[in-house]
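work_1.cif follows; it contains mmCIF, C-alpha atoms.
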```cif
data_work
#
loop_
_atom_site.label_atom_id
_atom_site.label_comp_id
_atom_site.auth_asym_id
_atom_site.auth_seq_id
_atom_site.Cartn_x
_atom_site.Cartn_y
_atom_site.Cartn_z
CA ASN A 1 0.00 0.00 0.00
CA ARG A 2 2.83 2.36 0.85
CA SER A 3 4.55 1.68 -2.47
CA ILE A 4 1.36 2.51 -4.34
CA GLN A 5 0.83 5.62 -2.25
CA VAL A 6 4.34 6.87 -2.99
CA SER A 7 4.17 5.94 -6.68
CA PRO A 8 0.58 5.53 -7.99
CA GLY A 9 1.90 4.50 -11.42
CA ASN A 10 3.81 1.53 -10.00
CA TYR A 11 2.04 -1.37 -11.70
CA LYS A 12 4.22 -3.90 -9.85
CA GLY A 13 3.01 -2.50 -6.54
CA TYR A 14 -0.58 -3.22 -7.55
CA TYR A 15 0.44 -6.62 -8.90
CA ASN A 16 2.20 -7.60 -5.68
CA ARG A 17 -0.71 -6.40 -3.58
CA GLY A 18 -2.98 -8.53 -5.75
CA LEU A 19 -0.80 -11.57 -5.05
CA LEU A 20 -1.08 -10.95 -1.32
CA PHE A 21 -4.86 -10.70 -1.59
CA LEU A 22 -4.91 -13.98 -3.53
CA LYS A 23 -2.89 -15.70 -0.79
CA GLN A 24 -5.48 -14.44 1.72
CA HIS A 25 -8.30 -15.77 -0.50
CA GLU A 26 -9.63 -12.25 -1.04
CA ALA A 27 -10.25 -12.68 -4.75
CA ARG A 28 -12.33 -9.52 -5.26
CA LYS A 29 -9.64 -7.30 -3.74
CA ALA A 30 -7.00 -9.16 -5.76
CA LEU A 31 -9.02 -8.59 -8.91
CA GLU A 32 -9.14 -4.86 -8.21
CA SER A 33 -5.37 -4.69 -7.77
CA PHE A 34 -4.65 -6.74 -10.88
CA ASN A 35 -7.06 -4.63 -12.96
CA THR A 36 -5.35 -1.46 -11.77
CA ALA A 37 -1.92 -2.91 -12.61
CA LEU A 38 -3.16 -3.87 -16.08
CA SER A 39 -4.63 -0.42 -16.66
CA ILE A 40 -1.14 1.01 -16.10
CA TYR A 41 0.84 -1.58 -18.04
CA PRO A 42 -0.07 -4.85 -19.85
CA TYR A 43 1.93 -7.00 -17.42
CA PRO A 44 1.53 -10.74 -18.25
CA LYS A 45 2.01 -11.76 -14.61
CA ALA A 46 -0.94 -9.55 -13.68
CA LEU A 47 -3.04 -11.38 -16.29
CA ILE A 48 -2.07 -14.68 -14.65
CA GLY A 49 -3.00 -13.24 -11.26
CA ARG A 50 -6.29 -11.93 -12.56
CA GLY A 51 -7.03 -15.29 -14.18
CA SER A 52 -6.40 -16.97 -10.83
CA ALA A 53 -8.73 -14.51 -9.11
CA TYR A 54 -11.44 -15.13 -11.71
CA HIS A 55 -11.00 -18.87 -11.19
CA LEU A 56 -11.43 -18.48 -7.42
CA LEU A 57 -14.58 -16.46 -8.05
CA GLY A 58 -15.96 -19.13 -10.40
CA GLU A 59 -15.83 -16.78 -13.38
CA LEU A 60 -14.31 -19.47 -15.56
CA PRO A 61 -14.78 -17.90 -19.02
CA LYS A 62 -12.86 -14.80 -17.84
CA ALA A 63 -10.13 -16.95 -16.28
CA VAL A 64 -9.80 -18.92 -19.53
CA ALA A 65 -9.65 -15.72 -21.56
CA ASP A 66 -6.83 -14.31 -19.44
CA ALA A 67 -4.86 -17.57 -19.61
CA GLN A 68 -5.32 -17.78 -23.37
CA GLN A 69 -4.20 -14.18 -23.77
CA VAL A 70 -0.96 -14.98 -21.95
CA LEU A 71 -0.46 -18.17 -23.97
CA ALA A 72 -0.90 -16.28 -27.25
CA ASN A 73 2.36 -14.47 -26.47
CA ASP A 74 4.04 -17.11 -24.30
CA PRO A 75 2.90 -20.66 -25.15
CA ASN A 76 5.29 -22.09 -22.55
CA ASN A 77 3.78 -20.30 -19.57
CA SER A 78 3.05 -23.15 -17.16
CA LYS A 79 0.93 -20.95 -14.88
CA ALA A 80 -1.42 -20.07 -17.73
CA HIS A 81 -1.74 -23.76 -18.61
CA PHE A 82 -2.45 -24.45 -14.93
CA ILE A 83 -5.32 -21.94 -14.92
CA LEU A 84 -6.77 -23.62 -18.01
CA GLY A 85 -6.37 -27.04 -16.41
CA ASN A 86 -8.15 -25.86 -13.26
CA CYS A 87 -11.01 -24.35 -15.25
CA TYR A 88 -11.44 -27.47 -17.38
CA ASN A 89 -11.22 -29.66 -14.27
CA ASP A 90 -13.96 -27.61 -12.59
CA GLN A 91 -16.12 -28.12 -15.68
CA ASN A 92 -15.38 -31.89 -15.71
CA ARG A 93 -13.72 -31.51 -19.10
CA LEU A 94 -11.23 -34.09 -17.90
CA ASP A 95 -9.40 -34.84 -21.15
CA GLU A 96 -8.67 -31.14 -21.66
CA ALA A 97 -7.68 -30.70 -18.00
CA LEU A 98 -5.33 -33.67 -18.23
CA GLN A 99 -3.74 -32.25 -21.38
CA GLU A 100 -3.13 -28.89 -19.67
CA TYR A 101 -1.67 -30.49 -16.53
CA ASN A 102 0.58 -32.68 -18.69
CA THR A 103 1.84 -29.52 -20.39
CA CYS A 104 2.44 -27.91 -16.99
CA LEU A 105 4.55 -30.86 -15.93
CA GLU A 106 6.52 -30.90 -19.19
CA LEU A 107 7.35 -27.24 -18.62
CA ASN A 108 7.94 -27.44 -14.87
CA PRO A 109 8.26 -30.96 -13.42
CA ASP A 110 9.18 -29.64 -9.97
CA GLU A 111 5.82 -28.10 -9.06
CA ALA A 112 3.93 -30.22 -6.51
CA ASP A 113 0.55 -28.62 -7.26
CA TYR A 114 0.75 -29.69 -10.91
CA PHE A 115 1.07 -33.34 -9.81
CA PHE A 116 -1.67 -32.86 -7.22
CA LYS A 117 -4.20 -31.46 -9.68
CA ARG A 118 -3.41 -34.10 -12.29
CA ALA A 119 -3.89 -36.75 -9.59
CA ILE A 120 -7.36 -35.38 -8.92
CA VAL A 121 -8.21 -35.76 -12.61
CA PHE A 122 -6.93 -39.35 -12.57
CA GLY A 123 -9.09 -39.97 -9.51
CA LYS A 124 -12.17 -38.59 -11.25
CA ARG A 125 -11.40 -40.95 -14.14
CA GLN A 126 -11.17 -43.86 -11.66
CA ASP A 127 -7.49 -44.42 -12.55
CA PHE A 128 -6.29 -44.80 -8.96
CA VAL A 129 -2.90 -46.26 -9.89
CA MET A 130 -1.95 -43.09 -11.76
CA CYS A 131 -3.67 -40.99 -9.11
CA GLN A 132 -1.54 -42.52 -6.36
CA ALA A 133 1.64 -42.22 -8.44
CA ASP A 134 1.06 -38.49 -8.93
CA LEU A 135 0.25 -38.02 -5.26
CA ASP A 136 3.46 -39.86 -4.36
CA GLN A 137 5.36 -37.43 -6.60
CA CYS A 138 3.54 -34.42 -5.12
CA ILE A 139 4.48 -35.50 -1.60
CA ALA A 140 8.08 -36.21 -2.64
CA ILE A 141 8.35 -32.61 -3.84
CA ASN A 142 6.37 -31.10 -0.96
CA PRO A 143 6.11 -33.33 2.11
CA LEU A 144 3.86 -30.72 3.77
CA HIS A 145 1.13 -30.90 1.09
CA HIS A 146 -1.58 -32.07 3.50
CA GLU A 147 -4.31 -32.52 0.89
CA ALA A 148 -2.10 -34.93 -1.05
CA TYR A 149 -1.95 -37.27 1.96
CA TYR A 150 -5.73 -37.28 2.28
CA TRP A 151 -6.30 -38.00 -1.39
CA ARG A 152 -3.56 -40.63 -1.44
CA GLY A 153 -5.44 -42.34 1.37
CA VAL A 154 -8.59 -42.23 -0.76
CA ALA A 155 -6.69 -43.68 -3.71
CA LYS A 156 -5.34 -46.47 -1.49
CA VAL A 157 -8.87 -47.34 -0.33
CA ASN A 158 -9.95 -47.62 -3.96
CA LEU A 159 -6.92 -49.84 -4.65
CA HIS A 160 -7.83 -51.99 -1.60
CA GLY A 161 -4.73 -50.84 0.25
CA ASP A 162 -4.22 -49.53 3.78
CA PRO A 163 -4.88 -45.77 3.93
CA CYS A 164 -4.23 -45.32 7.65
CA SER A 165 -0.73 -43.83 7.48
CA ASP A 166 -1.93 -41.15 5.04
CA LEU A 167 -5.27 -40.39 6.63
#
```
If you took the structure in this file and wrote it as structure tokens, what would it be?
Amino acid sequence: NRSIQVSPGNYKGYYNRGLLFLKQHEARKALESFNTALSIYPYPKALIGRGSAYHLLGELPKAVADAQQVLANDPNNSKAHFILGNCYNDQNRLDEALQEYNTCLELNPDEADYFFKRAIVFGKRQDFVMCQADLDQCIAINPLHHEAYYWRGVAKVNLHGDPCSDL
């Protein structure tokens, strides 16, 4: 806030404030900050942030549009592919979601959330072997990813294994 107060044309100040609002799950405030940043300068990271905010708000067509705008200029932007994957996943367009998550992992194989989200798609498709494999990879990257343990327990139940250590 102080940065913006001192320099109202500082688009990165608005962008960073938007990121903080996103982390606090205050999507509307984040959206405001990202829109202000974008009105000052067409910053691709602000488009990614705004797409994430739209996704949190359930405004999927707007989230998709922002992600696609970024990908038009940077087809290797894993975060834009992640937004698309999340939107398609929410719409149960599982083949498209899987394709986007696969692209994310090709571009950045060290991101635990990419494995986690792909695991969820595998679970929805009843492919619990692949689901568990992705959850194993997610946990290997981020041992504190608590949701991954829960869902790995669910996958183990579906594979007739013992879920107790994960649950």
Legend entry - d(CA of Ala140 in chain A, CA of Leu98 in chain A) in Å: 20.7 Å
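CA of Ser52 in chain A sits 15.4 Å away from CA of Tyr101 in chain A.
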Legend entry - Chain and number of each residue from the PyMOL selection byres ((chain A and resi 62) around 12), as a ChimeraX atom specification: /A:31,47-61,63-69,83-84,87
Legend entry - Contacts of range 13-17 of chain A at 8 Å (only C-alpha atoms; same-chain gap of 5+ positions) as a ChimeraX atom specification: /A:1,3-4,30,33-34,36-37,45-46,49
How would the residues just picked look written out with C-alpha atoms as an mmCIF file, in the frame of the given file?
```
data_model
loop_
_atom_site.group_PDB
_atom_site.id
_atom_site.type_symbol
_atom_site.label_atom_id
_atom_site.label_comp_id
_atom_site.auth_asym_id
_atom_site.auth_seq_id
_atom_site.Cartn_x
_atom_site.Cartn_y
_atom_site.Cartn_z
ATOM 1 C CA ASN A 1 0.000 0.000 0.000
ATOM 2 C CA SER A 3 4.550 1.680 -2.470
ATOM 3 C CA ILE A 4 1.360 2.510 -4.340
ATOM 4 C CA ALA A 30 -7.000 -9.160 -5.760
ATOM 5 C CA SER A 33 -5.370 -4.690 -7.770
ATOM 6 C CA PHE A 34 -4.650 -6.740 -10.880
ATOM 7 C CA THR A 36 -5.350 -1.460 -11.770
ATOM 8 C CA ALA A 37 -1.920 -2.910 -12.610
ATOM 9 C CA LYS A 45 2.010 -11.760 -14.610
ATOM 10 C CA ALA A 46 -0.940 -9.550 -13.680
ATOM 11 C CA GLY A 49 -3.000 -13.240 -11.260
#
```
Legend entry - Option closest in space to Tyr43 in chain A, from A:Arg118, A:His25, A:His146, A:Lys12 [counting all atoms listed in the file]: A:Lys12
Evaluating the PyMOL selection byres ((chain A and resi 131) around 10) on the displayed file yields which residues, as a PDB file with C-alpha atoms, keeping the file's coordinate frame?
```pdb
ATOM      1  CA  PHE A 115       1.070 -33.340  -9.810  1.00  0.00           C
ATOM      2  CA  PHE A 116      -1.670 -32.860  -7.220  1.00  0.00           C
ATOM      3  CA  LYS A 117      -4.200 -31.460  -9.680  1.00  0.00           C
ATOM      4  CA  ARG A 118      -3.410 -34.100 -12.290  1.00  0.00           C
ATOM      5  CA  ALA A 119      -3.890 -36.750  -9.590  1.00  0.00           C
ATOM      6  CA  ILE A 120      -7.360 -35.380  -8.920  1.00  0.00           C
ATOM      7  CA  VAL A 121      -8.210 -35.760 -12.610  1.00  0.00           C
ATOM      8  CA  PHE A 122      -6.930 -39.350 -12.570  1.00  0.00           C
ATOM      9  CA  GLY A 123      -9.090 -39.970  -9.510  1.00  0.00           C
ATOM     10  CA  LYS A 124     -12.170 -38.590 -11.250  1.00  0.00           C
ATOM     11  CA  ARG A 125     -11.400 -40.950 -14.140  1.00  0.00           C
ATOM     12  CA  GLN A 126     -11.170 -43.860 -11.660  1.00  0.00           C
ATOM     13  CA  ASP A 127      -7.490 -44.420 -12.550  1.00  0.00           C
ATOM     14  CA  PHE A 128      -6.290 -44.800  -8.960  1.00  0.00           C
ATOM     15  CA  VAL A 129      -2.900 -46.260  -9.890  1.00  0.00           C
ATOM     16  CA  MET A 130      -1.950 -43.090 -11.760  1.00  0.00           C
ATOM     17  CA  GLN A 132      -1.540 -42.520  -6.360  1.00  0.00           C
ATOM     18  CA  ALA A 133       1.640 -42.220  -8.440  1.00  0.00           C
ATOM     19  CA  ASP A 134       1.060 -38.490  -8.930  1.00  0.00           C
ATOM     20  CA  LEU A 135       0.250 -38.020  -5.260  1.00  0.00           C
ATOM     21  CA  ASP A 136       3.460 -39.860  -4.360  1.00  0.00           C
ATOM     22  CA  TRP A 151      -6.300 -38.000  -1.390  1.00  0.00           C
ATOM     23  CA  ARG A 152      -3.560 -40.630  -1.440  1.00  0.00           C
ATOM     24  CA  VAL A 154      -8.590 -42.230  -0.760  1.00  0.00           C
ATOM     25  CA  ALA A 155      -6.690 -43.680  -3.710  1.00  0.00           C
ATOM     26  CA  LYS A 156      -5.340 -46.470  -1.490  1.00  0.00           C
TER      27      LYS A 156
END
```
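Residue nearest Gln99 in chain A, chosen from A:Cys138, A:Gly153, A:Phe82, A:Asp113 and counting all atoms listed in the file: A:Phe82.
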Inset, instruction - Mind giving me the straight-line distance from CA of Pro109 in chain A to CA of Lys79 in chain A in Å, one decimal? - result: 12.5 Å
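The residue that comes closest to Val70 in chain A, out of A:Pro42, A:Glu96, A:Ile141, A:Leu107 and on the basis of all atoms listed in the file, is A:Pro42.
Residues with any atom within 12 Å of the point (-2.9, -42.8, 10.0), counting all atoms listed in the file, are Tyr149, Tyr150, Arg152, Gly153, Asp162, Pro163, Cys164, Ser165, Asp166 and Leu167 of chain A.
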For the selection just defined, write its residues with C-alpha atoms to a file, as a CSV table (one decimal), keeping the file's coordinate frame.
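Below is the file selection-v1.csv, written as the result:
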```csv
chain,number,residue,atom,x,y,z
A,149,TYR,CA,-2.0,-37.3,2.0
A,150,TYR,CA,-5.7,-37.3,2.3
A,152,ARG,CA,-3.6,-40.6,-1.4
A,153,GLY,CA,-5.4,-42.3,1.4
A,162,ASP,CA,-4.2,-49.5,3.8
A,163,PRO,CA,-4.9,-45.8,3.9
A,164,CYS,CA,-4.2,-45.3,7.6
A,165,SER,CA,-0.7,-43.8,7.5
A,166,ASP,CA,-1.9,-41.2,5.0
A,167,LEU,CA,-5.3,-40.4,6.6
```
Once 3 Å is added on each side, what centre and edge lengths in Å to one decimal does the axis-aligned box around all listed atoms of range 58-62 of chain A have, as AutoDock Vina command-line options?
```
--center_x -14.4 --center_y -17.1 --center_z -14.7 --size_x 9.1 --size_y 10.7 --size_z 14.6
```
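Using all atoms listed in the file for every distance, the candidate list A:Gly85, A:Asn35, A:Leu19, A:Leu105 yields A:Leu105 as the residue closest to Gln137 in chain A.
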Quick one: range 61-87 of chain A with N, CA and C atoms, as an mmCIF file, keeping the file's coordinate frame?
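Output file rebuild-v6.cif is given in full below:
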```
data_model
loop_
_atom_site.group_PDB
_atom_site.id
_atom_site.type_symbol
_atom_site.label_atom_id
_atom_site.label_comp_id
_atom_site.auth_asym_id
_atom_site.auth_seq_id
_atom_site.Cartn_x
_atom_site.Cartn_y
_atom_site.Cartn_z
ATOM 1 N N PRO A 61 -15.078 -18.430 -17.679
ATOM 2 C CA PRO A 61 -14.780 -17.900 -19.020
ATOM 3 C C PRO A 61 -13.763 -16.739 -18.982
ATOM 4 N N LYS A 62 -13.825 -15.911 -17.959
ATOM 5 C CA LYS A 62 -12.860 -14.800 -17.840
ATOM 6 C C LYS A 62 -11.478 -15.339 -17.485
ATOM 7 N N ALA A 63 -11.418 -16.356 -16.634
ATOM 8 C CA ALA A 63 -10.130 -16.950 -16.280
ATOM 9 C C ALA A 63 -9.491 -17.583 -17.516
ATOM 10 N N VAL A 64 -10.295 -18.293 -18.298
ATOM 11 C CA VAL A 64 -9.800 -18.920 -19.530
ATOM 12 C C VAL A 64 -9.303 -17.849 -20.493
ATOM 13 N N ALA A 65 -10.056 -16.780 -20.637
ATOM 14 C CA ALA A 65 -9.650 -15.720 -21.560
ATOM 15 C C ALA A 65 -8.316 -15.106 -21.171
ATOM 16 N N ASP A 66 -8.108 -14.869 -19.882
ATOM 17 C CA ASP A 66 -6.830 -14.310 -19.440
ATOM 18 C C ASP A 66 -5.682 -15.289 -19.692
ATOM 19 N N ALA A 67 -5.897 -16.557 -19.389
ATOM 20 C CA ALA A 67 -4.860 -17.570 -19.610
ATOM 21 C C ALA A 67 -4.530 -17.675 -21.099
ATOM 22 N N GLN A 68 -5.555 -17.675 -21.922
ATOM 23 C CA GLN A 68 -5.320 -17.780 -23.370
ATOM 24 C C GLN A 68 -4.613 -16.546 -23.918
ATOM 25 N N GLN A 69 -4.891 -15.397 -23.346
ATOM 26 C CA GLN A 69 -4.200 -14.180 -23.770
ATOM 27 C C GLN A 69 -2.702 -14.275 -23.471
ATOM 28 N N VAL A 70 -2.367 -14.792 -22.303
ATOM 29 C CA VAL A 70 -0.960 -14.980 -21.950
ATOM 30 C C VAL A 70 -0.318 -15.996 -22.887
ATOM 31 N N LEU A 71 -1.014 -17.101 -23.137
ATOM 32 C CA LEU A 71 -0.460 -18.170 -23.970
ATOM 33 C C LEU A 71 -0.285 -17.746 -25.430
ATOM 34 N N ALA A 72 -1.059 -16.777 -25.876
ATOM 35 C CA ALA A 72 -0.900 -16.280 -27.250
ATOM 36 C C ALA A 72 0.486 -15.671 -27.448
ATOM 37 N N ASN A 73 1.033 -15.080 -26.395
ATOM 38 C CA ASN A 73 2.360 -14.470 -26.470
ATOM 39 C C ASN A 73 3.459 -15.346 -25.879
ATOM 40 N N ASP A 74 3.068 -16.259 -24.987
ATOM 41 C CA ASP A 74 4.040 -17.110 -24.300
ATOM 42 C C ASP A 74 3.447 -18.516 -24.140
ATOM 43 N N PRO A 75 3.531 -19.338 -25.202
ATOM 44 C CA PRO A 75 2.900 -20.660 -25.150
ATOM 45 C C PRO A 75 3.501 -21.601 -24.117
ATOM 46 N N ASN A 76 4.645 -21.248 -23.549
ATOM 47 C CA ASN A 76 5.290 -22.090 -22.550
ATOM 48 C C ASN A 76 5.089 -21.584 -21.130
ATOM 49 N N ASN A 77 4.053 -20.820 -20.903
ATOM 50 C CA ASN A 77 3.780 -20.300 -19.570
ATOM 51 C C ASN A 77 2.997 -21.358 -18.786
ATOM 52 N N SER A 78 3.689 -22.049 -17.895
ATOM 53 C CA SER A 78 3.050 -23.150 -17.160
ATOM 54 C C SER A 78 1.908 -22.669 -16.273
ATOM 55 N N LYS A 79 2.004 -21.459 -15.750
ATOM 56 C CA LYS A 79 0.930 -20.950 -14.880
ATOM 57 C C LYS A 79 -0.353 -20.705 -15.649
ATOM 58 N N ALA A 80 -0.229 -20.256 -16.890
ATOM 59 C CA ALA A 80 -1.420 -20.070 -17.730
ATOM 60 C C ALA A 80 -2.048 -21.425 -18.062
ATOM 61 N N HIS A 81 -1.209 -22.410 -18.362
ATOM 62 C CA HIS A 81 -1.740 -23.760 -18.610
ATOM 63 C C HIS A 81 -2.410 -24.313 -17.359
ATOM 64 N N PHE A 82 -1.865 -23.987 -16.186
ATOM 65 C CA PHE A 82 -2.450 -24.450 -14.930
ATOM 66 C C PHE A 82 -3.844 -23.849 -14.720
ATOM 67 N N ILE A 83 -3.990 -22.573 -15.029
ATOM 68 C CA ILE A 83 -5.320 -21.940 -14.920
ATOM 69 C C ILE A 83 -6.299 -22.651 -15.841
ATOM 70 N N LEU A 84 -5.880 -22.910 -17.083
ATOM 71 C CA LEU A 84 -6.770 -23.620 -18.010
ATOM 72 C C LEU A 84 -7.120 -25.004 -17.469
ATOM 73 N N GLY A 85 -6.112 -25.721 -16.974
ATOM 74 C CA GLY A 85 -6.370 -27.040 -16.410
ATOM 75 C C GLY A 85 -7.371 -26.986 -15.268
ATOM 76 N N ASN A 86 -7.220 -26.009 -14.393
ATOM 77 C CA ASN A 86 -8.150 -25.860 -13.260
ATOM 78 C C ASN A 86 -9.559 -25.557 -13.737
ATOM 79 N N CYS A 87 -9.679 -24.691 -14.727
ATOM 80 C CA CYS A 87 -11.010 -24.350 -15.250
ATOM 81 C C CYS A 87 -11.661 -25.565 -15.901
#
```
